[in-house]
>>> print(open('start_3.tsv').read())   # TSV, C-alpha atoms and all ligand atoms
chain	number	residue	atom	x	y	z
E	1	MET	CA	142.82	-13.12	-45.34
E	2	GLY	CA	142.45	-12.83	-49.11
E	3	GLU	CA	138.86	-14.18	-49.16
E	4	LYS	CA	136.14	-11.96	-50.65
E	5	ASN	CA	132.95	-11.13	-48.80
E	6	ARG	CA	129.78	-9.55	-50.19
E	7	TYR	CA	127.48	-7.76	-47.78
E	8	TRP	CA	124.47	-5.43	-47.95
E	9	VAL	CA	124.94	-1.89	-46.67
E	10	LEU	CA	122.16	0.53	-45.79
E	11	ALA	CA	123.05	3.48	-48.03
E	12	ARG	CA	119.74	5.40	-47.67
E	13	ARG	CA	116.51	5.01	-45.68
E	14	PRO	CA	114.08	2.94	-47.79
E	15	VAL	CA	110.77	4.36	-48.93
E	16	GLY	CA	107.93	1.85	-48.62
E	17	ASN	CA	108.94	-1.50	-50.00
E	18	ASP	CA	111.66	-0.23	-52.35
E	19	TYR	CA	114.91	-1.71	-51.09
E	20	SER	CA	116.98	-1.56	-54.27
E	21	SER	CA	117.18	2.25	-54.05
E	22	ALA	CA	118.31	2.07	-50.42
E	23	LEU	CA	120.68	-0.88	-50.04
E	24	GLU	CA	123.96	-1.51	-51.84
E	25	LEU	CA	125.88	-4.74	-52.22
E	26	VAL	CA	129.53	-4.18	-51.34
E	27	GLU	CA	132.35	-6.61	-52.08
E	28	GLU	CA	135.63	-6.48	-50.25
E	29	GLU	CA	138.28	-8.70	-48.71
E	30	LEU	CA	137.55	-10.16	-45.31
E	31	PRO	CA	139.23	-8.14	-42.56
E	32	GLU	CA	141.89	-9.57	-40.24
E	33	LEU	CA	140.18	-10.92	-37.13
E	34	ARG	CA	140.74	-9.07	-33.85
E	35	ASP	CA	140.97	-10.75	-30.47
E	36	GLY	CA	137.43	-11.80	-29.51
E	37	ASP	CA	136.14	-12.12	-33.12
E	38	VAL	CA	134.48	-15.18	-34.60
E	39	LEU	CA	134.30	-15.60	-38.38
E	40	ILE	CA	131.22	-17.48	-39.59
E	41	ARG	CA	130.74	-18.65	-43.14
E	42	ASN	CA	127.03	-17.98	-43.45
E	43	ALA	CA	125.05	-20.88	-44.81
E	44	TYR	CA	121.72	-19.09	-44.27
E	45	PHE	CA	120.64	-15.73	-43.04
E	46	SER	CA	117.19	-14.93	-41.78
E	47	LEU	CA	114.91	-12.28	-43.25
E	48	ASP	CA	112.87	-10.65	-40.49
E	49	ALA	CA	110.14	-8.06	-40.73
E	50	GLY	CA	111.53	-6.17	-37.73
E	51	THR	CA	114.69	-5.31	-39.69
E	52	ARG	CA	112.52	-2.97	-41.77
E	53	MET	CA	111.94	-0.83	-38.70
E	54	TRP	CA	115.68	-0.56	-38.00
E	55	MET	CA	116.21	0.57	-41.60
E	56	SER	CA	114.02	3.60	-40.88
E	57	ALA	CA	115.12	6.65	-38.90
E	58	ARG	CA	112.61	6.04	-36.15
E	59	GLU	CA	114.17	6.56	-32.72
E	60	ASP	CA	111.42	5.11	-30.55
E	61	SER	CA	111.61	1.48	-31.68
E	62	TYR	CA	112.98	-1.36	-29.55
E	63	SER	CA	116.32	-1.12	-31.37
E	64	PRO	CA	118.11	2.01	-32.54
E	65	PRO	CA	118.09	2.78	-36.29
E	66	THR	CA	120.78	1.10	-38.39
E	67	PRO	CA	123.29	3.90	-39.11
E	68	LEU	CA	123.56	4.79	-42.80
E	69	GLY	CA	126.63	3.30	-44.45
E	70	THR	CA	126.73	0.26	-42.16
E	71	PRO	CA	125.97	-3.41	-42.92
E	72	VAL	CA	122.44	-4.74	-42.48
E	73	ILE	CA	122.37	-7.03	-39.45
E	74	GLY	CA	120.49	-10.31	-39.37
E	75	MET	CA	120.43	-13.67	-37.64
E	76	VAL	CA	122.74	-16.11	-39.43
E	77	LEU	CA	123.45	-19.82	-39.26
E	78	GLY	CA	126.81	-21.10	-40.42
E	79	GLU	CA	130.10	-22.76	-39.71
E	80	VAL	CA	132.83	-21.10	-37.71
E	81	VAL	CA	135.79	-20.96	-40.09
E	82	ALA	CA	138.16	-18.95	-37.89
E	83	SER	CA	138.02	-17.89	-34.27
E	84	ARG	CA	139.95	-15.62	-31.95
E	85	HIS	CA	137.50	-16.26	-29.14
E	86	PRO	CA	138.30	-18.99	-26.58
E	87	ASP	CA	134.74	-20.42	-26.56
E	88	PHE	CA	134.42	-20.93	-30.33
E	89	ARG	CA	136.38	-23.31	-32.55
E	90	THR	CA	136.68	-23.90	-36.26
E	91	GLY	CA	133.99	-26.38	-37.28
E	92	ASP	CA	131.45	-25.24	-34.71
E	93	LEU	CA	127.93	-24.60	-36.00
E	94	ALA	CA	126.87	-21.16	-34.81
E	95	ARG	CA	123.76	-19.01	-34.81
E	96	ALA	CA	124.55	-15.34	-34.41
E	97	TYR	CA	123.70	-11.78	-35.10
E	98	GLY	CA	125.75	-11.43	-38.24
E	99	GLN	CA	125.32	-9.61	-41.51
E	100	TRP	CA	123.30	-10.10	-44.71
E	101	SER	CA	126.47	-11.41	-46.32
E	102	ASP	CA	128.61	-14.36	-47.35
E	103	TYR	CA	130.60	-14.21	-44.09
E	104	SER	CA	129.84	-12.67	-40.71
E	105	VAL	CA	132.36	-11.34	-38.25
E	106	SER	CA	130.66	-11.47	-34.84
E	107	ARG	CA	131.92	-10.67	-31.35
E	108	PRO	CA	130.36	-12.85	-28.64
E	109	GLU	CA	131.27	-10.33	-25.93
E	110	GLU	CA	129.21	-7.66	-27.69
E	111	THR	CA	126.44	-9.46	-29.52
E	112	TYR	CA	124.47	-12.70	-29.63
E	113	VAL	CA	126.54	-15.69	-30.83
E	114	GLU	CA	125.64	-19.23	-29.78
E	115	ARG	CA	127.05	-22.64	-30.65
E	116	VAL	CA	124.26	-24.98	-31.79
E	117	SER	CA	124.11	-28.70	-32.45
E	118	TRP	CA	124.76	-30.33	-35.81
E	119	GLN	CA	122.33	-33.05	-34.69
E	120	LEU	CA	119.01	-31.90	-36.15
E	121	ASP	CA	117.23	-33.50	-39.11
E	122	ASP	CA	116.90	-30.10	-40.79
E	123	LEU	CA	119.56	-27.67	-39.57
E	124	ARG	CA	117.53	-24.73	-40.91
E	125	GLN	CA	115.18	-25.25	-37.97
E	126	HIS	CA	117.86	-23.57	-35.83
E	127	LEU	CA	116.51	-20.40	-37.49
E	128	ALA	CA	112.83	-21.35	-37.15
E	129	VAL	CA	111.31	-23.81	-34.66
E	130	PHE	CA	114.44	-23.89	-32.47
E	131	GLY	CA	115.49	-20.27	-32.92
E	132	PRO	CA	114.18	-16.84	-31.94
E	133	ASN	CA	110.89	-17.22	-33.85
E	134	GLY	CA	110.11	-20.47	-32.04
E	135	TRP	CA	110.97	-18.97	-28.64
E	136	THR	CA	108.85	-15.91	-29.40
E	137	ALA	CA	105.92	-18.12	-30.37
E	138	TYR	CA	106.25	-20.39	-27.34
E	139	LEU	CA	106.71	-17.70	-24.70
E	140	GLY	CA	104.28	-15.36	-26.45
E	141	VAL	CA	101.55	-17.98	-26.20
E	142	LEU	CA	102.30	-19.40	-22.77
E	143	GLU	CA	103.70	-16.53	-20.75
E	144	TYR	CA	102.88	-13.20	-22.41
E	145	GLY	CA	99.48	-14.36	-23.65
E	146	ASN	CA	98.95	-16.52	-20.56
E	147	THR	CA	97.02	-18.95	-22.77
E	148	LYS	CA	95.12	-21.73	-20.99
E	149	PRO	CA	94.05	-25.14	-22.32
E	150	GLY	CA	90.76	-25.04	-24.19
E	151	GLU	CA	90.75	-21.29	-24.83
E	152	THR	CA	89.97	-19.59	-28.13
E	153	PHE	CA	93.21	-18.32	-29.66
E	154	VAL	CA	93.53	-16.04	-32.71
E	155	VAL	CA	96.77	-15.14	-34.48
E	156	SER	CA	97.51	-12.78	-37.39
E	157	ALA	CA	100.22	-13.22	-40.06
E	158	ALA	CA	99.38	-16.85	-39.35
E	159	ALA	CA	101.29	-18.29	-42.30
E	160	GLY	CA	104.43	-16.35	-41.39
E	161	VAL	CA	106.97	-18.17	-39.25
E	162	THR	CA	106.07	-16.74	-35.83
E	163	GLY	CA	102.31	-16.84	-36.35
E	164	ALA	CA	102.33	-20.40	-37.71
E	165	LEU	CA	104.42	-21.58	-34.76
E	166	ALA	CA	102.30	-19.68	-32.22
E	167	GLY	CA	99.14	-21.32	-33.58
E	168	GLN	CA	100.70	-24.78	-33.38
E	169	VAL	CA	101.89	-24.16	-29.80
E	170	ALA	CA	98.35	-23.11	-28.86
E	171	LYS	CA	97.01	-26.29	-30.51
E	172	GLN	CA	99.36	-28.33	-28.30
E	173	LEU	CA	97.68	-26.68	-25.32
E	174	GLY	CA	94.30	-27.86	-26.58
E	175	CYS	CA	93.09	-24.46	-27.75
E	176	ARG	CA	90.71	-23.69	-30.58
E	177	VAL	CA	92.99	-21.84	-33.02
E	178	ILE	CA	92.02	-19.41	-35.76
E	179	GLY	CA	94.63	-17.94	-38.09
E	180	ILE	CA	94.34	-14.76	-40.16
E	181	THR	CA	96.25	-14.80	-43.45
E	182	GLY	CA	96.23	-13.03	-46.81
E	183	SER	CA	95.26	-15.88	-49.14
E	184	THR	CA	93.17	-19.02	-49.46
E	185	ALA	CA	96.28	-21.09	-50.16
E	186	LYS	CA	97.81	-19.94	-46.88
E	187	GLY	CA	94.54	-20.62	-45.09
E	188	ASP	CA	94.60	-24.15	-46.51
E	189	TRP	CA	98.19	-24.63	-45.34
E	190	ILE	CA	97.52	-23.64	-41.75
E	191	THR	CA	94.29	-25.65	-41.47
E	192	LYS	CA	95.18	-28.76	-43.49
E	193	GLU	CA	98.90	-29.04	-42.75
E	194	LEU	CA	99.33	-27.34	-39.39
E	195	GLY	CA	96.05	-28.29	-37.71
E	196	PHE	CA	94.51	-24.84	-37.16
E	197	ASP	CA	90.74	-25.04	-36.69
E	198	ALA	CA	89.85	-22.21	-39.07
E	199	ALA	CA	91.37	-19.52	-41.24
E	200	ILE	CA	90.25	-16.01	-42.16
E	201	ASN	CA	91.46	-14.33	-45.34
E	202	TYR	CA	91.80	-10.67	-44.40
E	203	LYS	CA	91.95	-9.63	-48.05
E	204	ASP	CA	88.57	-11.20	-48.96
E	205	ASP	CA	86.67	-11.64	-45.68
E	206	LYS	CA	85.24	-9.04	-43.32
E	207	VAL	CA	87.56	-9.88	-40.45
E	208	ALA	CA	85.43	-8.54	-37.57
E	209	GLU	CA	82.34	-10.35	-38.87
E	210	ARG	CA	84.17	-13.64	-39.41
E	211	LEU	CA	85.69	-13.42	-35.93
E	212	ARG	CA	82.21	-12.87	-34.49
E	213	GLU	CA	80.96	-16.00	-36.31
E	214	LEU	CA	83.96	-18.15	-35.43
E	215	CYS	CA	84.34	-16.97	-31.82
E	216	PRO	CA	80.78	-16.62	-30.47
E	217	ASP	CA	82.08	-16.55	-26.88
E	218	GLY	CA	84.85	-14.11	-27.74
E	219	ILE	CA	88.60	-14.40	-28.26
E	220	ASP	CA	90.52	-15.34	-25.12
E	221	VAL	CA	93.94	-14.62	-26.58
E	222	TYR	CA	94.83	-12.57	-29.63
E	223	PHE	CA	98.48	-12.96	-30.71
E	224	ASP	CA	99.04	-9.82	-32.76
E	225	ASN	CA	101.69	-9.68	-35.48
E	226	VAL	CA	100.33	-6.82	-37.56
E	227	GLY	CA	98.37	-4.14	-35.65
E	228	GLY	CA	96.04	-1.80	-37.59
E	229	PRO	CA	92.56	-2.85	-38.73
E	230	ILE	CA	93.06	-6.51	-37.75
E	231	LEU	CA	93.89	-5.45	-34.20
E	232	ASP	CA	90.71	-3.37	-34.15
E	233	ALA	CA	88.65	-6.27	-35.49
E	234	SER	CA	90.06	-8.44	-32.71
E	235	LEU	CA	89.57	-5.81	-29.99
E	236	GLU	CA	85.86	-5.70	-30.68
E	237	ASN	CA	85.62	-9.49	-30.44
E	238	MET	CA	87.66	-10.11	-27.30
E	239	ALA	CA	86.19	-12.13	-24.42
E	240	LEU	CA	85.93	-10.66	-20.95
E	241	PHE	CA	89.40	-10.74	-19.31
E	242	GLY	CA	90.97	-11.57	-22.69
E	243	ARG	CA	94.66	-11.07	-23.37
E	244	ILE	CA	96.44	-9.52	-26.31
E	245	ALA	CA	100.05	-10.60	-26.81
E	246	VAL	CA	101.65	-7.92	-28.99
E	247	CYS	CA	104.38	-9.70	-30.89
E	248	GLY	CA	104.65	-7.40	-33.90
E	249	LEU	CA	103.07	-4.44	-35.66
E	250	LEU	CA	104.06	-5.27	-39.19
E	251	LEU	CA	101.75	-2.69	-40.67
E	252	ASN	CA	103.71	0.15	-39.06
E	253	TYR	CA	107.31	-0.78	-39.76
E	254	ASP	CA	107.77	1.50	-42.75
E	255	GLN	CA	106.02	4.48	-41.13
E	256	GLU	CA	108.11	7.42	-39.93
E	257	GLY	CA	105.45	9.51	-38.20
E	258	PRO	CA	102.96	8.80	-35.40
E	259	ILE	CA	100.84	5.73	-35.88
E	260	PRO	CA	97.04	6.04	-35.57
E	261	GLY	CA	94.78	3.84	-33.50
E	262	PRO	CA	93.82	1.38	-32.36
E	263	TYR	CA	90.36	2.89	-32.69
E	264	LYS	CA	88.70	0.26	-30.47
E	265	PHE	CA	91.02	0.92	-27.54
E	266	ASP	CA	87.98	1.47	-25.31
E	267	GLN	CA	87.45	-2.31	-25.36
E	268	VAL	CA	90.50	-2.67	-23.11
E	269	LEU	CA	88.43	-1.15	-20.33
E	270	MET	CA	85.04	-2.55	-21.31
E	271	LYS	CA	86.35	-6.13	-21.48
E	272	ARG	CA	89.04	-5.73	-18.79
E	273	LEU	CA	91.75	-6.82	-21.21
E	274	SER	CA	95.48	-7.21	-20.62
E	275	ILE	CA	97.91	-6.20	-23.34
E	276	THR	CA	101.56	-7.24	-23.19
E	277	GLY	CA	104.34	-6.52	-25.64
E	278	PHE	CA	107.46	-8.66	-25.77
E	279	PHE	CA	110.79	-8.72	-27.60
E	280	SER	CA	112.81	-11.87	-28.20
E	281	PRO	CA	116.33	-10.63	-27.27
E	282	ASP	CA	114.94	-10.27	-23.74
E	283	PHE	CA	114.62	-14.06	-23.56
E	284	TYR	CA	117.32	-15.47	-25.86
E	285	HIS	CA	118.98	-16.90	-22.74
E	286	ARG	CA	115.87	-19.08	-22.27
E	287	GLY	CA	116.15	-20.58	-25.78
E	288	PRO	CA	117.70	-23.92	-24.73
E	289	ASP	CA	115.02	-24.45	-22.11
E	290	VAL	CA	112.19	-23.57	-24.51
E	291	ASN	CA	113.71	-25.91	-27.11
E	292	ARG	CA	113.64	-28.78	-24.61
E	293	HIS	CA	109.87	-28.27	-24.28
E	294	MET	CA	109.26	-27.98	-28.01
E	295	ARG	CA	111.48	-30.84	-29.15
E	296	PRO	CA	108.99	-33.66	-28.39
E	297	TRP	CA	106.24	-31.79	-30.30
E	298	TYR	CA	108.60	-31.35	-33.24
E	299	GLU	CA	109.65	-35.01	-33.19
E	300	ALA	CA	106.00	-36.08	-33.09
E	301	GLY	CA	105.32	-33.96	-36.21
E	302	LYS	CA	103.16	-31.50	-34.27
E	303	LEU	CA	105.37	-28.47	-34.76
E	304	LYS	CA	106.18	-27.94	-38.42
E	305	MET	CA	107.77	-25.16	-40.41
E	306	ASN	CA	108.30	-24.80	-44.15
E	307	PHE	CA	110.98	-22.63	-45.67
E	308	ALA	CA	110.91	-20.02	-48.40
E	309	VAL	CA	114.56	-20.15	-49.43
E	310	THR	CA	116.16	-17.69	-51.83
E	311	GLN	CA	119.54	-18.60	-53.28
E	312	GLY	CA	122.40	-16.10	-53.27
E	313	VAL	CA	123.19	-12.95	-51.34
E	314	GLU	CA	122.60	-10.92	-54.52
E	315	ASN	CA	118.91	-11.95	-54.53
E	316	THR	CA	118.19	-10.80	-50.97
E	317	LEU	CA	116.20	-7.65	-51.70
E	318	ASP	CA	113.46	-9.23	-53.77
E	319	ALA	CA	113.07	-11.94	-51.13
E	320	TYR	CA	112.87	-9.27	-48.44
E	321	ARG	CA	110.16	-7.40	-50.34
E	322	ARG	CA	108.06	-10.60	-50.44
E	323	LEU	CA	107.84	-10.59	-46.63
E	324	PHE	CA	105.64	-7.54	-46.90
E	325	THR	CA	103.72	-8.42	-50.06
E	326	GLY	CA	102.92	-11.80	-48.50
E	327	ASP	CA	104.26	-13.63	-51.55
E	328	LYS	CA	105.83	-16.47	-49.55
E	329	VAL	CA	104.87	-19.15	-47.01
E	330	GLY	CA	106.81	-20.11	-43.89
E	331	LYS	CA	110.26	-18.97	-42.77
E	332	SER	CA	112.16	-16.73	-45.22
E	333	LEU	CA	115.86	-17.50	-45.54
E	334	VAL	CA	118.63	-16.61	-47.93
E	335	GLN	CA	121.04	-19.46	-48.60
E	336	VAL	CA	124.58	-18.43	-49.41
E	337	ALA	CA	126.47	-21.70	-48.84
E	338	GLU	CA	125.93	-25.38	-48.09
E	339	LEU	CA	126.03	-26.64	-44.53
E	401	LIG	N1	108.44	-9.58	-30.58
E	401	LIG	C1	109.45	-10.25	-31.10
E	401	LIG	O1	110.47	-10.45	-30.48
E	401	LIG	C2	109.31	-10.78	-32.48
E	401	LIG	C3	110.13	-11.81	-32.94
E	401	LIG	C4	109.92	-12.30	-34.25
E	401	LIG	C5	108.93	-11.74	-35.04
E	401	LIG	N2	108.19	-10.73	-34.52
E	401	LIG	C6	107.12	-10.10	-35.30
E	401	LIG	O2	106.23	-11.07	-35.74
E	401	LIG	C7	105.60	-10.59	-36.92
E	401	LIG	C8	105.68	-11.65	-37.97
E	401	LIG	O3	107.04	-11.85	-38.30
E	401	LIG	P1	107.49	-13.21	-38.95
E	401	LIG	O4	108.97	-13.14	-39.12
E	401	LIG	O5	106.89	-14.33	-38.24
E	401	LIG	O6	106.72	-13.10	-40.32
E	401	LIG	P2	107.08	-13.55	-41.76
E	401	LIG	O7	107.41	-15.00	-41.78
E	401	LIG	O8	108.04	-12.59	-42.30
E	401	LIG	O9	105.70	-13.35	-42.50
E	401	LIG	C9	105.13	-12.13	-42.59
E	401	LIG	C10	103.74	-12.32	-43.14
E	401	LIG	O10	102.92	-11.28	-42.63
E	401	LIG	C11	101.86	-11.05	-43.51
E	401	LIG	N3	101.68	-9.63	-43.69
E	401	LIG	C12	102.52	-8.75	-44.25
E	401	LIG	N4	102.00	-7.53	-44.27
E	401	LIG	C13	100.78	-7.63	-43.69
E	401	LIG	C14	99.74	-6.73	-43.40
E	401	LIG	N5	99.87	-5.45	-43.76
E	401	LIG	N6	98.63	-7.17	-42.78
E	401	LIG	C15	98.51	-8.47	-42.44
E	401	LIG	N7	99.46	-9.39	-42.69
E	401	LIG	C16	100.58	-8.97	-43.30
E	401	LIG	C17	102.24	-11.67	-44.85
E	401	LIG	O11	101.41	-12.78	-45.09
E	401	LIG	P3	99.89	-12.61	-45.63
E	401	LIG	O12	99.90	-13.13	-47.02
E	401	LIG	O13	99.13	-13.45	-44.68
E	401	LIG	O14	99.56	-11.16	-45.59
E	401	LIG	C18	103.67	-12.15	-44.63
E	401	LIG	O15	103.97	-13.32	-45.32
E	401	LIG	C19	106.30	-9.30	-37.31
E	401	LIG	O16	105.54	-8.23	-36.85
E	401	LIG	C20	107.61	-9.40	-36.55
E	401	LIG	O17	108.16	-8.15	-36.27
E	401	LIG	C21	108.35	-10.24	-33.28
>>> encode(input="start_3.tsv", output="structure tokens", more="lines below")
Ligand SMILES: NC(=O)c1ccc[n+]([C@@H]2O[C@H](COP(=O)([O-])OP(=O)(O)OC[C@H]3O[C@@H](n4cnc5c(N)ncnc54)[C@H](OP(=O)(O)O)[C@@H]3O)[C@@H](O)[C@H]2O)c1
Amino acid sequence: MGEKNRYWVLARRPVGNDYSSALELVEEELPELRDGDVLIRNAYFSLDAGTRMWMSAREDSYSPPTPLGTPVIGMVLGEVVASRHPDFRTGDLARAYGQWSDYSVSRPEETYVERVSWQLDDLRQHLAVFGPNGWTAYLGVLEYGNTKPGETFVVSAAAGVTGALAGQVAKQLGCRVIGITGSTAKGDWITKELGFDAAINYKDDKVAERLRELCPDGIDVYFDNVGGPILDASLENMALFGRIAVCGLLLNYDQEGPIPGPYKFDQVLMKRLSITGFFSPDFYHRGPDVNRHMRPWYEAGKLKMNFAVTQGVENTLDAYRRLFTGDKVGKSLVQVAEL
């Protein structure tokens, strides 16, 4: 096709948060499309913490490890610029599992590719409120967490995209919502901008103590994004018959060996807790329905999401590192073209 494409390849397994020693940027001509292929010019691709787990060699995660020497996969949003699939046409706007790249070649028969509407005030929300993070937040709160109006709801990584959306969904149910974040500025964002009732800074505060003060009757639902000590602090503050919706275990994604804890696991019995894990590809097919429920909240300004946008495929790795250092607010995207 003559057009050049740059894409990130996993050359080695990363150690900790060092991605520049592990990933390589490759440039080559776009391949000829095969029957069933769709070529998307990526406008944005999404940076997701879970990708870190697939970069490792761990075999027991919810997705197999990314094979060495292959492109790094991510959710993309862009325009279809060529199609050899009967359901996709040039000019369609598509969200798909593509690559961390300028262009993605995706095969709808083998992977997730969906046509989405150009009619949205901020098209980037197809990768946030109205994409997998939004669906995870909505179903994590309502179905997996079984959250009821008026309950006390706590969420970690609360200024990340999923946590911030989960807290806002719980607010729409009339819950009292407490978010755990890593800075005062993030705490201010979730309370002043997003309407959370309180914030805890896990770097400065004693989380278990603050939870005890803020939730004197216990936590009804803990939406966990991180695991580790914050999960333990929540376990010891759960209400009787509380629920823990395990969305993510961020703390463990770069670990190869067995993961310790949680140390307060006995509270599951003592408080008769339910713990449910969930994984968004299991419910991608429900996305349109979930979006119909969330749209009125979004239009009323009750479901908001900011973006931390990095320009250029070549700057991906530093942006990815910031997911784990916490040096960003809202949904992390790399922009590689205009929409
Ligand atoms: N189950 C699913 O299908 C599904 C779908 C989407 C996402 N997830 C999970 O949801 C979680 C959040 O992902 P996301 O994409 O919403 O997040 P994100 O926007 O990438 O934000 C991540 C935030 O987590 C915080 N963080 C990082 N390391 C931490 C640590 N060690 N302890 C506490 N907080 C830490 C950082 O903020 P601070 O400054 O506050 O530390 C960081 O900004 C991840 O575990 C991800 O795997 C699961």
>>> atom_distance(input="start_3.tsv", atom1="atom CA of E:Gly179", atom2="atom CA of E:Ala128")
18.5 Å
>>> residues_near_ligand(input="start_3.tsv", ligand="ligand LIG 401 (chain E)", cutoff="7 Å", atoms="all atoms listed in the file", output="mmCIF file with C-alpha atoms, in the frame of the given file")
data_model
loop_
_atom_site.group_PDB
_atom_site.id
_atom_site.type_symbol
_atom_site.label_atom_id
_atom_site.label_comp_id
_atom_site.auth_asym_id
_atom_site.auth_seq_id
_atom_site.Cartn_x
_atom_site.Cartn_y
_atom_site.Cartn_z
ATOM 1 C CA LEU E 47 114.910 -12.280 -43.250
ATOM 2 C CA ASP E 48 112.870 -10.650 -40.490
ATOM 3 C CA ALA E 49 110.140 -8.060 -40.730
ATOM 4 C CA GLY E 50 111.530 -6.170 -37.730
ATOM 5 C CA PRO E 132 114.180 -16.840 -31.940
ATOM 6 C CA ASN E 133 110.890 -17.220 -33.850
ATOM 7 C CA THR E 136 108.850 -15.910 -29.400
ATOM 8 C CA SER E 156 97.510 -12.780 -37.390
ATOM 9 C CA ALA E 157 100.220 -13.220 -40.060
ATOM 10 C CA ALA E 158 99.380 -16.850 -39.350
ATOM 11 C CA ALA E 159 101.290 -18.290 -42.300
ATOM 12 C CA GLY E 160 104.430 -16.350 -41.390
ATOM 13 C CA VAL E 161 106.970 -18.170 -39.250
ATOM 14 C CA THR E 162 106.070 -16.740 -35.830
ATOM 15 C CA GLY E 163 102.310 -16.840 -36.350
ATOM 16 C CA ILE E 180 94.340 -14.760 -40.160
ATOM 17 C CA THR E 181 96.250 -14.800 -43.450
ATOM 18 C CA GLY E 182 96.230 -13.030 -46.810
ATOM 19 C CA SER E 183 95.260 -15.880 -49.140
ATOM 20 C CA LYS E 186 97.810 -19.940 -46.880
ATOM 21 C CA ASN E 225 101.690 -9.680 -35.480
ATOM 22 C CA VAL E 226 100.330 -6.820 -37.560
ATOM 23 C CA CYS E 247 104.380 -9.700 -30.890
ATOM 24 C CA GLY E 248 104.650 -7.400 -33.900
ATOM 25 C CA LEU E 249 103.070 -4.440 -35.660
ATOM 26 C CA LEU E 250 104.060 -5.270 -39.190
ATOM 27 C CA LEU E 251 101.750 -2.690 -40.670
ATOM 28 C CA PHE E 278 107.460 -8.660 -25.770
ATOM 29 C CA PHE E 279 110.790 -8.720 -27.600
ATOM 30 C CA SER E 280 112.810 -11.870 -28.200
ATOM 31 C CA PRO E 281 116.330 -10.630 -27.270
ATOM 32 C CA LEU E 323 107.840 -10.590 -46.630
ATOM 33 C CA PHE E 324 105.640 -7.540 -46.900
ATOM 34 C CA THR E 325 103.720 -8.420 -50.060
ATOM 35 C CA GLY E 326 102.920 -11.800 -48.500
ATOM 36 C CA ASP E 327 104.260 -13.630 -51.550
ATOM 37 C CA LYS E 328 105.830 -16.470 -49.550
ATOM 38 C CA VAL E 329 104.870 -19.150 -47.010
ATOM 39 C CA GLY E 330 106.810 -20.110 -43.890
ATOM 40 C CA LYS E 331 110.260 -18.970 -42.770
ATOM 41 C CA SER E 332 112.160 -16.730 -45.220
#
>>> residues_around(input="start_3.tsv", residues="E:Thr316", least_positions_apart="5", cutoff="10 Å", atoms="all atoms listed in the file", output="list in words")
Trp8, Tyr19, Ser20, Leu25, Phe45, Leu47, Trp100, Ser101, Thr310, Gln311, Arg321, Leu333, Val334 and Gln335 of chain E
>>> write_last_selection(input="start_3.tsv", atoms="C-alpha atoms", output="CSV table (one decimal), keeping the file's coordinate frame")
chain,number,residue,atom,x,y,z
E,8,TRP,CA,124.5,-5.4,-48.0
E,19,TYR,CA,114.9,-1.7,-51.1
E,20,SER,CA,117.0,-1.6,-54.3
E,25,LEU,CA,125.9,-4.7,-52.2
E,45,PHE,CA,120.6,-15.7,-43.0
E,47,LEU,CA,114.9,-12.3,-43.2
E,100,TRP,CA,123.3,-10.1,-44.7
E,101,SER,CA,126.5,-11.4,-46.3
E,310,THR,CA,116.2,-17.7,-51.8
E,311,GLN,CA,119.5,-18.6,-53.3
E,321,ARG,CA,110.2,-7.4,-50.3
E,333,LEU,CA,115.9,-17.5,-45.5
E,334,VAL,CA,118.6,-16.6,-47.9
E,335,GLN,CA,121.0,-19.5,-48.6
>>> atom_distance(input="start_3.tsv", atom1="atom CA of E:Phe130", atom2="atom CA of E:Val290")
8.3 Å
>>> residues_around(input="start_3.tsv", residues="stretch 257-266 of chain E", least_positions_apart="6", cutoff="7 Å", atoms="all atoms listed in the file", output="list in words")
Gly228, Asp232, Leu235 and Glu236 of chain E
>>> residues_around(input="start_3.tsv", residues="stretch 15-18 of chain E", least_positions_apart="3", cutoff="10 Å", atoms="only C-alpha atoms", output="ChimeraX atom specification")
/E:12,21-23,52,55-56,253-256,317-318,320-325
>>> write_last_selection(input="start_3.tsv", atoms="C-alpha atoms", output="mmCIF file, keeping the file's coordinate frame")
data_model
loop_
_atom_site.group_PDB
_atom_site.id
_atom_site.type_symbol
_atom_site.label_atom_id
_atom_site.label_comp_id
_atom_site.auth_asym_id
_atom_site.auth_seq_id
_atom_site.Cartn_x
_atom_site.Cartn_y
_atom_site.Cartn_z
ATOM 1 C CA ARG E 12 119.740 5.400 -47.670
ATOM 2 C CA SER E 21 117.180 2.250 -54.050
ATOM 3 C CA ALA E 22 118.310 2.070 -50.420
ATOM 4 C CA LEU E 23 120.680 -0.880 -50.040
ATOM 5 C CA ARG E 52 112.520 -2.970 -41.770
ATOM 6 C CA MET E 55 116.210 0.570 -41.600
ATOM 7 C CA SER E 56 114.020 3.600 -40.880
ATOM 8 C CA TYR E 253 107.310 -0.780 -39.760
ATOM 9 C CA ASP E 254 107.770 1.500 -42.750
ATOM 10 C CA GLN E 255 106.020 4.480 -41.130
ATOM 11 C CA GLU E 256 108.110 7.420 -39.930
ATOM 12 C CA LEU E 317 116.200 -7.650 -51.700
ATOM 13 C CA ASP E 318 113.460 -9.230 -53.770
ATOM 14 C CA TYR E 320 112.870 -9.270 -48.440
ATOM 15 C CA ARG E 321 110.160 -7.400 -50.340
ATOM 16 C CA ARG E 322 108.060 -10.600 -50.440
ATOM 17 C CA LEU E 323 107.840 -10.590 -46.630
ATOM 18 C CA PHE E 324 105.640 -7.540 -46.900
ATOM 19 C CA THR E 325 103.720 -8.420 -50.060
#
>>> atom_distance(input="start_3.tsv", atom1="atom CA of E:Asp92", atom2="atom CA of E:Pro71")
24.0 Å
>>> residues_around(input="start_3.tsv", residues="E:Leu303", least_positions_apart="4", cutoff="7 Å", atoms="all atoms listed in the file", output="ChimeraX atom specification")
/E:165,168,297-298
